[in-house]
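What follows is the content of query08.cif, which has mmCIF, C-alpha atoms and all ligand atoms:
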```
data_start
loop_
_atom_site.group_PDB
_atom_site.id
_atom_site.type_symbol
_atom_site.label_atom_id
_atom_site.label_comp_id
_atom_site.auth_asym_id
_atom_site.auth_seq_id
_atom_site.Cartn_x
_atom_site.Cartn_y
_atom_site.Cartn_z
ATOM 1 C CA MET J 1 83.980 34.089 182.788
ATOM 2 C CA ASN J 2 83.366 37.711 183.435
ATOM 3 C CA ARG J 3 85.538 40.544 184.576
ATOM 4 C CA ARG J 4 85.027 39.829 188.278
ATOM 5 C CA ASP J 5 86.602 36.409 187.845
ATOM 6 C CA TYR J 6 90.004 37.768 187.031
ATOM 7 C CA CYS J 7 90.189 41.434 187.952
ATOM 8 C CA ARG J 8 91.514 42.037 191.455
ATOM 9 C CA CYS J 9 91.935 45.775 191.083
ATOM 10 C CA THR J 10 90.606 47.718 194.044
ATOM 11 C CA ARG J 11 90.948 51.039 192.278
ATOM 12 C CA VAL J 12 90.869 52.052 188.671
ATOM 13 C CA ARG J 13 94.310 52.211 187.105
ATOM 14 C CA ASN J 14 94.223 51.647 183.388
ATOM 15 C CA TYR J 15 96.981 51.706 180.795
ATOM 16 C CA THR J 16 96.705 53.007 177.261
ATOM 17 C CA TYR J 17 98.241 51.229 174.268
ATOM 18 C CA ASP J 18 101.505 53.107 174.724
ATOM 19 C CA GLN J 19 101.637 52.581 178.481
ATOM 20 C CA ALA J 20 100.731 48.899 178.189
ATOM 21 C CA ALA J 21 103.319 48.340 175.462
ATOM 22 C CA LYS J 22 105.986 49.955 177.610
ATOM 23 C CA LYS J 23 104.998 47.916 180.659
ATOM 24 C CA LEU J 24 104.924 44.632 178.718
ATOM 25 C CA GLY J 25 108.040 45.465 176.753
ATOM 26 C CA CYS J 26 106.334 44.882 173.439
ATOM 27 C CA ALA J 27 105.540 47.073 170.468
ATOM 28 C CA ARG J 28 102.333 49.108 170.488
ATOM 29 C CA ARG J 29 101.746 47.720 167.014
ATOM 30 C CA TRP J 30 101.731 44.165 168.355
ATOM 31 C CA LEU J 31 99.010 45.080 170.848
ATOM 32 C CA GLU J 32 97.017 46.748 168.093
ATOM 33 C CA ASP J 33 97.401 43.811 165.726
ATOM 34 C CA ASN J 34 96.366 41.279 168.375
ATOM 35 C CA ILE J 35 93.765 43.311 170.233
ATOM 36 C CA SER J 36 90.869 41.013 169.351
ATOM 37 C CA ARG J 37 92.615 38.175 171.236
ATOM 38 C CA LEU J 38 93.597 40.221 174.291
ATOM 39 C CA PRO J 39 91.712 40.886 177.534
ATOM 40 C CA ARG J 40 90.895 44.584 177.710
ATOM 41 C CA GLN J 41 88.361 47.263 178.473
ATOM 42 C CA LYS J 42 86.951 49.420 175.783
ATOM 43 C CA TYR J 43 85.531 52.880 176.239
ATOM 44 C CA GLY J 44 85.002 54.450 172.864
ATOM 45 C CA GLN J 45 87.668 53.885 170.227
ATOM 46 C CA ASN J 46 90.708 52.877 172.233
ATOM 47 C CA PRO J 47 91.030 49.906 174.541
ATOM 48 C CA VAL J 48 92.720 50.178 177.936
ATOM 49 C CA PHE J 49 94.216 47.524 180.176
ATOM 50 C CA CYS J 50 94.256 47.104 183.946
ATOM 51 C CA GLU J 51 97.108 45.392 185.803
ATOM 52 C CA CYS J 52 95.211 42.082 185.775
ATOM 53 C CA GLU J 53 94.713 42.229 182.026
ATOM 54 C CA LEU J 54 98.392 42.960 181.503
ATOM 55 C CA ALA J 55 99.202 39.989 183.737
ATOM 56 C CA LEU J 56 96.854 37.783 181.690
ATOM 57 C CA ILE J 57 98.482 38.930 178.460
ATOM 58 C CA ARG J 58 101.898 38.192 179.935
ATOM 59 C CA ASP J 59 100.760 34.697 180.954
ATOM 60 C CA MET J 60 99.039 34.023 177.620
ATOM 61 C CA PHE J 61 102.216 34.722 175.734
ATOM 62 C CA SER J 62 104.746 33.246 178.118
ATOM 63 C CA ILE J 63 106.592 30.348 176.588
ATOM 64 C CA LEU J 64 107.443 27.487 178.876
ATOM 65 C CA PRO J 65 109.609 24.825 177.218
ATOM 66 C CA GLU J 66 108.814 21.292 178.344
ATOM 67 C CA LYS J 67 112.138 20.944 180.150
ATOM 68 C CA VAL J 68 111.420 24.047 182.175
ATOM 69 C CA ALA J 69 107.944 22.775 183.072
ATOM 70 C CA GLU J 70 109.448 19.473 184.193
ATOM 71 C CA PHE J 71 112.002 21.314 186.279
ATOM 72 C CA ILE J 72 109.334 23.447 187.942
ATOM 73 C CA ALA J 73 107.232 20.354 188.647
ATOM 74 C CA ALA J 74 110.227 18.615 190.232
ATOM 75 C CA VAL J 75 111.094 21.612 192.381
ATOM 76 C CA THR J 76 107.452 22.045 193.405
ATOM 77 C CA ALA J 77 107.239 18.371 194.388
ATOM 78 C CA GLU J 78 110.355 18.788 196.545
ATOM 79 C CA LEU J 79 108.856 21.803 198.255
ATOM 80 C CA GLU J 80 105.573 20.002 199.003
ATOM 81 C CA PRO J 81 106.480 16.621 200.523
ATOM 82 C CA CYS J 82 102.927 16.266 201.909
ATOM 83 C CA ALA J 83 101.600 15.921 198.376
ATOM 84 C CA ALA J 84 103.139 12.425 198.178
ATOM 85 C CA GLU J 85 100.959 11.152 201.045
ATOM 86 C CA PRO J 86 97.723 9.343 200.172
ATOM 87 C CA ALA J 87 94.741 11.649 200.146
ATOM 88 C CA GLY J 88 92.266 9.141 201.640
ATOM 89 C CA GLU J 89 88.897 9.038 199.908
ATOM 90 C CA GLN J 90 90.018 11.599 197.383
ATOM 91 C CA GLU J 91 90.831 9.586 194.278
ATOM 92 C CA GLN J 92 91.709 12.442 191.991
ATOM 93 C CA PRO J 93 94.400 14.704 193.415
ATOM 94 C CA GLU J 94 93.810 18.387 192.992
ATOM 95 C CA ARG J 95 95.072 19.305 189.599
ATOM 96 C CA VAL J 96 97.088 22.437 189.209
ATOM 97 C CA LEU J 97 97.530 23.635 185.673
ATOM 98 C CA THR J 98 100.991 24.479 184.529
ATOM 99 C CA LEU J 99 101.473 27.580 182.504
ATOM 100 C CA ALA J 100 101.838 25.472 179.362
ATOM 101 C CA GLN J 101 98.435 23.857 179.943
ATOM 102 C CA ILE J 102 96.594 27.133 180.255
ATOM 103 C CA SER J 103 95.000 28.436 177.110
ATOM 104 C CA PRO J 104 92.934 31.549 176.622
ATOM 105 C CA ALA J 105 89.167 31.240 176.639
ATOM 106 C CA PRO J 106 87.467 31.371 173.257
ATOM 107 C CA PRO J 107 86.270 34.808 172.235
ATOM 108 C CA ARG J 108 82.803 35.757 173.359
ATOM 109 C CA ARG J 109 80.203 36.028 170.695
ATOM 110 C CA SER J 110 78.848 39.452 170.113
ATOM 111 C CA THR J 111 75.222 39.842 171.063
ATOM 112 C CA ARG J 112 74.771 42.644 168.604
ATOM 113 C CA THR J 113 72.845 41.813 165.502
ATOM 114 C CA ALA J 114 74.041 44.717 163.387
HETATM 115 ZN ZN ZN M 201 92.257 44.443 187.204
#
```
Could you write out this structure as structure tokens?
Amino acid sequence: MNRRDYCRCTRVRNYTYDQAAKKLGCARRWLEDNISRLPRQKYGQNPVFCECELALIRDMFSILPEKVAEFIAAVTAELEPCAAEPAGEQEQPERVLTLAQISPAPPRRSTRTA
């Protein structure tokens, strides 16, 4: 997955550590401590985050208790009565991941050989 797969920004609007921490409601220190696991851009020493990266971070660290996931699934099923109809030749219904099933991609290996 590369940047184009998740970034929907049409103009550049990046947030520094302090701005991102304020927007996420977390401590700057937490961002710094976890930076290797977070989606980001890096120009020089300090990383910056676009809106999409902040949204990914929010999703990565959202906690969805099983009961809540079940509730959401039940409500979603009520809202989409067509989903209960047979899909014809399609044996496997389209699978939509719940938030709890989504996990971050493994870190990319550095291509540098330093
Ligand atoms: Zn973006």
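Each of J:Leu79, J:Ile72, J:Cys52, J:Met60 was checked against ligand ZN 201 (chain M) using only C-alpha atoms and all ligand atoms; the smallest atom-to-atom distance is that of J:Cys52.
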Open item on the list: Rounded to one decimal, what separation in Å do you get between atom CA of J:Ala21 and atom CA of J:Val68?
Closed with: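 It comes out at 26.5 Å.
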- [ ] Check every protein, DNA and RNA residue against ligand ZN 201 (chain M), keep those with an atom at most 9 Å away (counting only C-alpha atoms and all ligand atoms), and present them as number ranges by chain.
- [x] J: 3-4, 6-14, 49-55
- [ ] Quote the spacing between atom CA of J:Cys26 and atom CA of J:Arg40 in Å to one decimal place.
- [x]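 Distance between the two atoms: 16.0 Å.
The smallest atom-to-atom distance between J:Thr16 and any of J:Leu64, J:Val75, J:Leu38, J:Leu31, using only C-alpha atoms, is found for J:Leu31.
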- [ ] Pick out the closest residue to J:Asn46 from this set: J:Lys23, J:Ser62, J:Tyr17, J:Arg28. Count all atoms listed in the file.
- [x]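 Distance minimum relative to J:Asn46 lands on J:Tyr17.
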Task: One-decimal distance in Å that lies between atom CA of J:Ala27 and atom CA of J:Ile57 - done: 13.4 Å
Task: Option closest in space to J:Asn2, from J:Pro39, J:Arg58, J:Glu80, J:Asn34 [counting all atoms listed in the file] - done: J:Pro39
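Minimum atom-to-atom distance to J:Gln19, evaluated using all atoms listed in the file, belongs to J:Val48 out of J:Val48, J:Ala73, J:Lys42, J:Ser36.
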